[in-house]
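Pasted below: start-v3.cif, mmCIF, C-alpha atoms.
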```cif
data_run
#
loop_
_atom_site.label_atom_id
_atom_site.label_comp_id
_atom_site.auth_asym_id
_atom_site.auth_seq_id
_atom_site.Cartn_x
_atom_site.Cartn_y
_atom_site.Cartn_z
CA MET A 1024 18.14 26.64 41.71
CA GLN A 1025 15.98 24.00 43.38
CA GLY A 1026 12.84 26.14 42.84
CA TYR A 1027 13.63 26.48 39.13
CA ARG A 1028 14.02 22.71 38.80
CA ASN A 1029 10.70 22.05 40.52
CA LYS A 1030 8.90 24.53 38.27
CA LEU A 1031 10.51 23.02 35.18
CA LEU A 1032 9.62 19.50 36.28
CA SER A 1033 6.05 20.56 37.06
CA SER A 1034 5.73 22.23 33.64
CA VAL A 1035 7.08 19.17 31.83
CA CYS A 1036 4.69 16.88 33.76
CA LEU A 1037 1.76 19.15 32.99
CA ILE A 1038 2.61 19.16 29.28
CA LEU A 1039 2.95 15.37 29.24
CA VAL A 1040 -0.39 14.87 31.03
CA PHE A 1041 -2.09 17.31 28.66
CA SER A 1042 -0.56 15.63 25.57
CA TYR A 1043 -1.54 12.18 26.81
CA THR A 1044 -5.12 13.31 27.48
CA VAL A 1045 -5.45 14.91 24.06
CA SER A 1046 -4.08 11.82 22.32
CA LEU A 1047 -6.53 9.57 24.16
CA THR A 1048 -9.54 11.65 23.25
CA THR A 1049 -8.70 12.46 19.64
CA GLY A 1050 -6.07 10.11 18.29
CA CYS A 1051 -7.71 6.72 18.46
CA GLU A 1052 -11.07 6.51 16.78
CA TYR A 1053 -12.64 3.83 14.67
CA ASP A 1054 -13.46 6.00 11.69
CA ASN A 1055 -13.90 4.29 8.40
CA GLU A 1056 -13.10 6.01 5.13
CA GLU A 1057 -16.74 6.81 4.42
CA ASP A 1058 -17.24 8.46 7.83
CA PHE A 1059 -14.02 10.43 7.48
CA TYR A 1060 -14.29 11.59 3.87
CA GLY A 1061 -18.02 11.23 3.30
CA LYS A 1062 -19.69 8.91 0.83
CA ARG A 1063 -17.72 8.53 -2.34
CA PHE A 1064 -19.58 9.13 -5.54
CA CYS A 1065 -20.48 5.96 -7.43
CA ASP A 1066 -21.08 6.78 -11.08
CA THR A 1067 -23.56 4.29 -12.52
CA ASN A 1068 -24.44 6.34 -15.58
CA SER A 1069 -23.57 4.75 -18.92
CA VAL A 1070 -21.67 1.77 -17.51
CA THR A 1071 -20.03 -0.39 -20.17
CA TYR A 1072 -18.50 -3.85 -20.06
CA SER A 1073 -15.07 -2.38 -20.71
CA ALA A 1074 -15.34 -0.51 -17.40
CA LEU A 1075 -16.06 -3.80 -15.58
CA GLU A 1076 -13.96 -6.17 -17.66
CA SER A 1077 -10.84 -6.31 -15.49
CA ARG A 1078 -12.93 -7.02 -12.38
CA PHE A 1079 -14.68 -9.95 -14.09
CA GLU A 1080 -11.38 -11.22 -15.49
CA GLN A 1081 -9.67 -11.13 -12.08
CA GLN A 1082 -12.55 -12.39 -9.96
CA CYS A 1083 -14.75 -14.62 -12.15
CA PHE A 1084 -13.32 -15.89 -15.41
CA GLY A 1085 -10.54 -17.98 -13.86
CA CYS A 1086 -12.97 -20.39 -12.16
CA HIS A 1087 -15.79 -20.17 -14.72
CA MET A 1088 -13.72 -20.96 -17.84
CA ALA A 1089 -15.28 -22.73 -20.82
CA ASP A 1090 -13.54 -26.11 -20.41
CA ALA A 1091 -14.43 -26.91 -16.78
CA PRO A 1092 -16.68 -24.19 -15.38
CA SER A 1093 -17.18 -24.04 -11.63
CA GLY A 1094 -20.81 -24.70 -10.71
CA ASN A 1095 -21.57 -25.33 -14.39
CA VAL A 1096 -21.52 -21.56 -14.93
CA ALA A 1097 -19.38 -20.78 -17.96
CA ILE A 1098 -18.60 -17.06 -18.03
CA TYR A 1099 -15.23 -16.35 -19.54
CA ASP A 1100 -15.71 -13.33 -21.84
CA TYR A 1101 -18.24 -10.64 -22.76
CA ASN A 1102 -20.46 -12.88 -24.91
CA SER A 1103 -20.65 -15.74 -22.42
CA LEU A 1104 -21.33 -13.35 -19.54
CA LYS A 1105 -24.08 -11.59 -21.48
CA ALA A 1106 -25.68 -14.93 -22.45
CA TYR A 1107 -25.60 -16.07 -18.82
CA LEU A 1108 -27.09 -12.82 -17.56
CA ASN A 1109 -29.94 -12.99 -20.07
CA ILE A 1110 -31.20 -16.04 -18.18
CA SER A 1111 -29.69 -15.62 -14.68
CA LYS A 1112 -29.16 -11.95 -13.83
CA ASN A 1113 -30.68 -12.30 -10.35
CA THR A 1114 -28.43 -15.26 -9.58
CA LEU A 1115 -25.30 -13.28 -10.38
CA LEU A 1116 -26.44 -10.22 -8.42
CA GLY A 1117 -27.41 -12.40 -5.45
CA SER A 1118 -24.01 -14.08 -5.53
CA LEU A 1119 -22.17 -10.75 -5.69
CA ASN A 1120 -24.31 -9.36 -2.84
CA HIS A 1121 -23.70 -12.55 -0.81
CA THR A 1122 -27.46 -13.11 -0.44
CA THR A 1123 -27.56 -16.54 -2.10
CA ALA A 1124 -26.28 -19.98 -1.10
CA SER A 1125 -23.30 -19.43 -3.40
CA PRO A 1126 -21.63 -16.10 -2.56
CA MET A 1127 -19.06 -14.98 -5.10
CA PRO A 1128 -16.23 -14.67 -5.56
CA LYS A 1129 -15.87 -17.96 -3.70
CA GLY A 1130 -13.48 -17.73 -0.77
CA ARG A 1131 -12.78 -14.05 -1.38
CA GLN A 1132 -14.00 -10.74 -0.04
CA LYS A 1133 -17.37 -9.42 -1.21
CA TRP A 1134 -17.14 -6.82 -3.96
CA ASP A 1135 -17.35 -3.16 -3.09
CA LYS A 1136 -20.96 -1.85 -3.05
CA CYS A 1137 -20.15 0.58 -5.84
CA ASP A 1138 -18.82 -2.19 -8.11
CA ILE A 1139 -21.99 -4.23 -7.51
CA LYS A 1140 -24.13 -1.18 -8.29
CA LYS A 1141 -22.16 -0.71 -11.52
CA VAL A 1142 -22.78 -4.32 -12.54
CA GLU A 1143 -26.49 -3.95 -11.82
CA ALA A 1144 -26.61 -0.67 -13.76
CA TRP A 1145 -24.71 -2.24 -16.66
CA ILE A 1146 -27.25 -5.09 -16.80
CA ASN A 1147 -30.22 -2.72 -16.56
CA GLN A 1148 -28.71 -0.45 -19.25
CA GLY A 1149 -28.57 -3.29 -21.77
CA MET A 1150 -25.10 -4.79 -21.14
CA GLN A 1151 -23.22 -2.60 -23.61
CA PRO A 1152 -19.68 -3.73 -24.59
#
```

Reformat the file's structure so that it appears as structure tokens.
Amino acid sequence: MQGYRNKLLSSVCLILVFSYTVSLTTGCEYDNEEDFYGKRFCDTNSVTYSALESRFEQQCFGCHMADAPSGNVAIYDYNSLKAYLNISKNTLLGSLNHTTASPMPKGRQKWDKCDIKKVEAWINQGMQP
């Protein structure tokens, strides 16, 4: 009986050591989503304002409203954004890319690279509604 117990205990210990080793070598990696799933496709063909509208509404229009625009930049709808971009497209893109003195959205996380590419494509494609 004692021999059986020792073999059982040895087997259990061996299984635990093996499981622990496997979990250390495979279970804790610093993969990001792109490394794990591959680059996600960013469709920048035929981008329209309606595809970007909610992002601008949530992240820009609240601070840049017509009455008291932050930084004297009044962008609060399609027409005002288009008018601003006709004279300051590089300023907006620099702000979104956080490469200017005024990164936007102020105090918030930088936009996803794909969203910035879509904005740039939308501008370059003529800023269609």

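Distances here use only C-alpha atoms; by that measure, the residue among A:Gln1148, A:Thr1114, A:Gln1082, A:Asn1095 closest to Arg1131 in chain A is A:Gln1082.
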
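Our summary of the geometry notes that CA of Glu1143 in chain A is positioned 14.6 Å from CA of Thr1122 in chain A.
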
- prompt: Given the file above and the PyMOL selection byres ((chain A and resi 1149) around 10), which residues are selected, and can you give them as a list in words?
  reply: Ser1069, Val1070, Thr1071, Lys1105, Asn1109, Ala1144, Trp1145, Ile1146, Asn1147, Gln1148, Met1150, Gln1151 and Pro1152 of chain A

Evaluating the PyMOL selection byres ((chain A and resi 1117) around 12) on the displayed file yields which residues, as a PDB file with C-alpha atoms, keeping the file's coordinate frame?
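As a result, out-v6.pdb now contains:
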```pdb
ATOM      1  CA  SER A1111     -29.690 -15.620 -14.680  1.00  0.00           C
ATOM      2  CA  LYS A1112     -29.160 -11.950 -13.830  1.00  0.00           C
ATOM      3  CA  ASN A1113     -30.680 -12.300 -10.350  1.00  0.00           C
ATOM      4  CA  THR A1114     -28.430 -15.260  -9.580  1.00  0.00           C
ATOM      5  CA  LEU A1115     -25.300 -13.280 -10.380  1.00  0.00           C
ATOM      6  CA  LEU A1116     -26.440 -10.220  -8.420  1.00  0.00           C
ATOM      7  CA  SER A1118     -24.010 -14.080  -5.530  1.00  0.00           C
ATOM      8  CA  LEU A1119     -22.170 -10.750  -5.690  1.00  0.00           C
ATOM      9  CA  ASN A1120     -24.310  -9.360  -2.840  1.00  0.00           C
ATOM     10  CA  HIS A1121     -23.700 -12.550  -0.810  1.00  0.00           C
ATOM     11  CA  THR A1122     -27.460 -13.110  -0.440  1.00  0.00           C
ATOM     12  CA  THR A1123     -27.560 -16.540  -2.100  1.00  0.00           C
ATOM     13  CA  ALA A1124     -26.280 -19.980  -1.100  1.00  0.00           C
ATOM     14  CA  SER A1125     -23.300 -19.430  -3.400  1.00  0.00           C
ATOM     15  CA  PRO A1126     -21.630 -16.100  -2.560  1.00  0.00           C
ATOM     16  CA  MET A1127     -19.060 -14.980  -5.100  1.00  0.00           C
ATOM     17  CA  PRO A1128     -16.230 -14.670  -5.560  1.00  0.00           C
ATOM     18  CA  LYS A1133     -17.370  -9.420  -1.210  1.00  0.00           C
ATOM     19  CA  TRP A1134     -17.140  -6.820  -3.960  1.00  0.00           C
ATOM     20  CA  ILE A1139     -21.990  -4.230  -7.510  1.00  0.00           C
ATOM     21  CA  VAL A1142     -22.780  -4.320 -12.540  1.00  0.00           C
ATOM     22  CA  GLU A1143     -26.490  -3.950 -11.820  1.00  0.00           C
TER      23      GLU A1143
END
```

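Between CA of Ser1103 in chain A and CA of Cys1065 in chain A there is a distance of 26.4 Å.
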
field: Between CA of Thr1067 in chain A and CA of Lys1141 in chain A - distance in Å to one decimal
entry: 5.3 Å

task: Using only C-alpha atoms, find the one residue out of A:Lys1129, A:Lys1140, A:Asp1100, A:Ile1038 that sits nearest to Ser1073 in chain A.
output: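 Closest to Ser1073 in chain A, using only C-alpha atoms: A:Asp1100.
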
- request: Would you kindly translate the PyMOL selection byres ((chain A and resi 1084) around 12) into the concrete residues it picks from this file, as a ChimeraX atom specification?
  value: /A:1076-1083,1085-1093,1096-1101,1103-1104,1127-1128
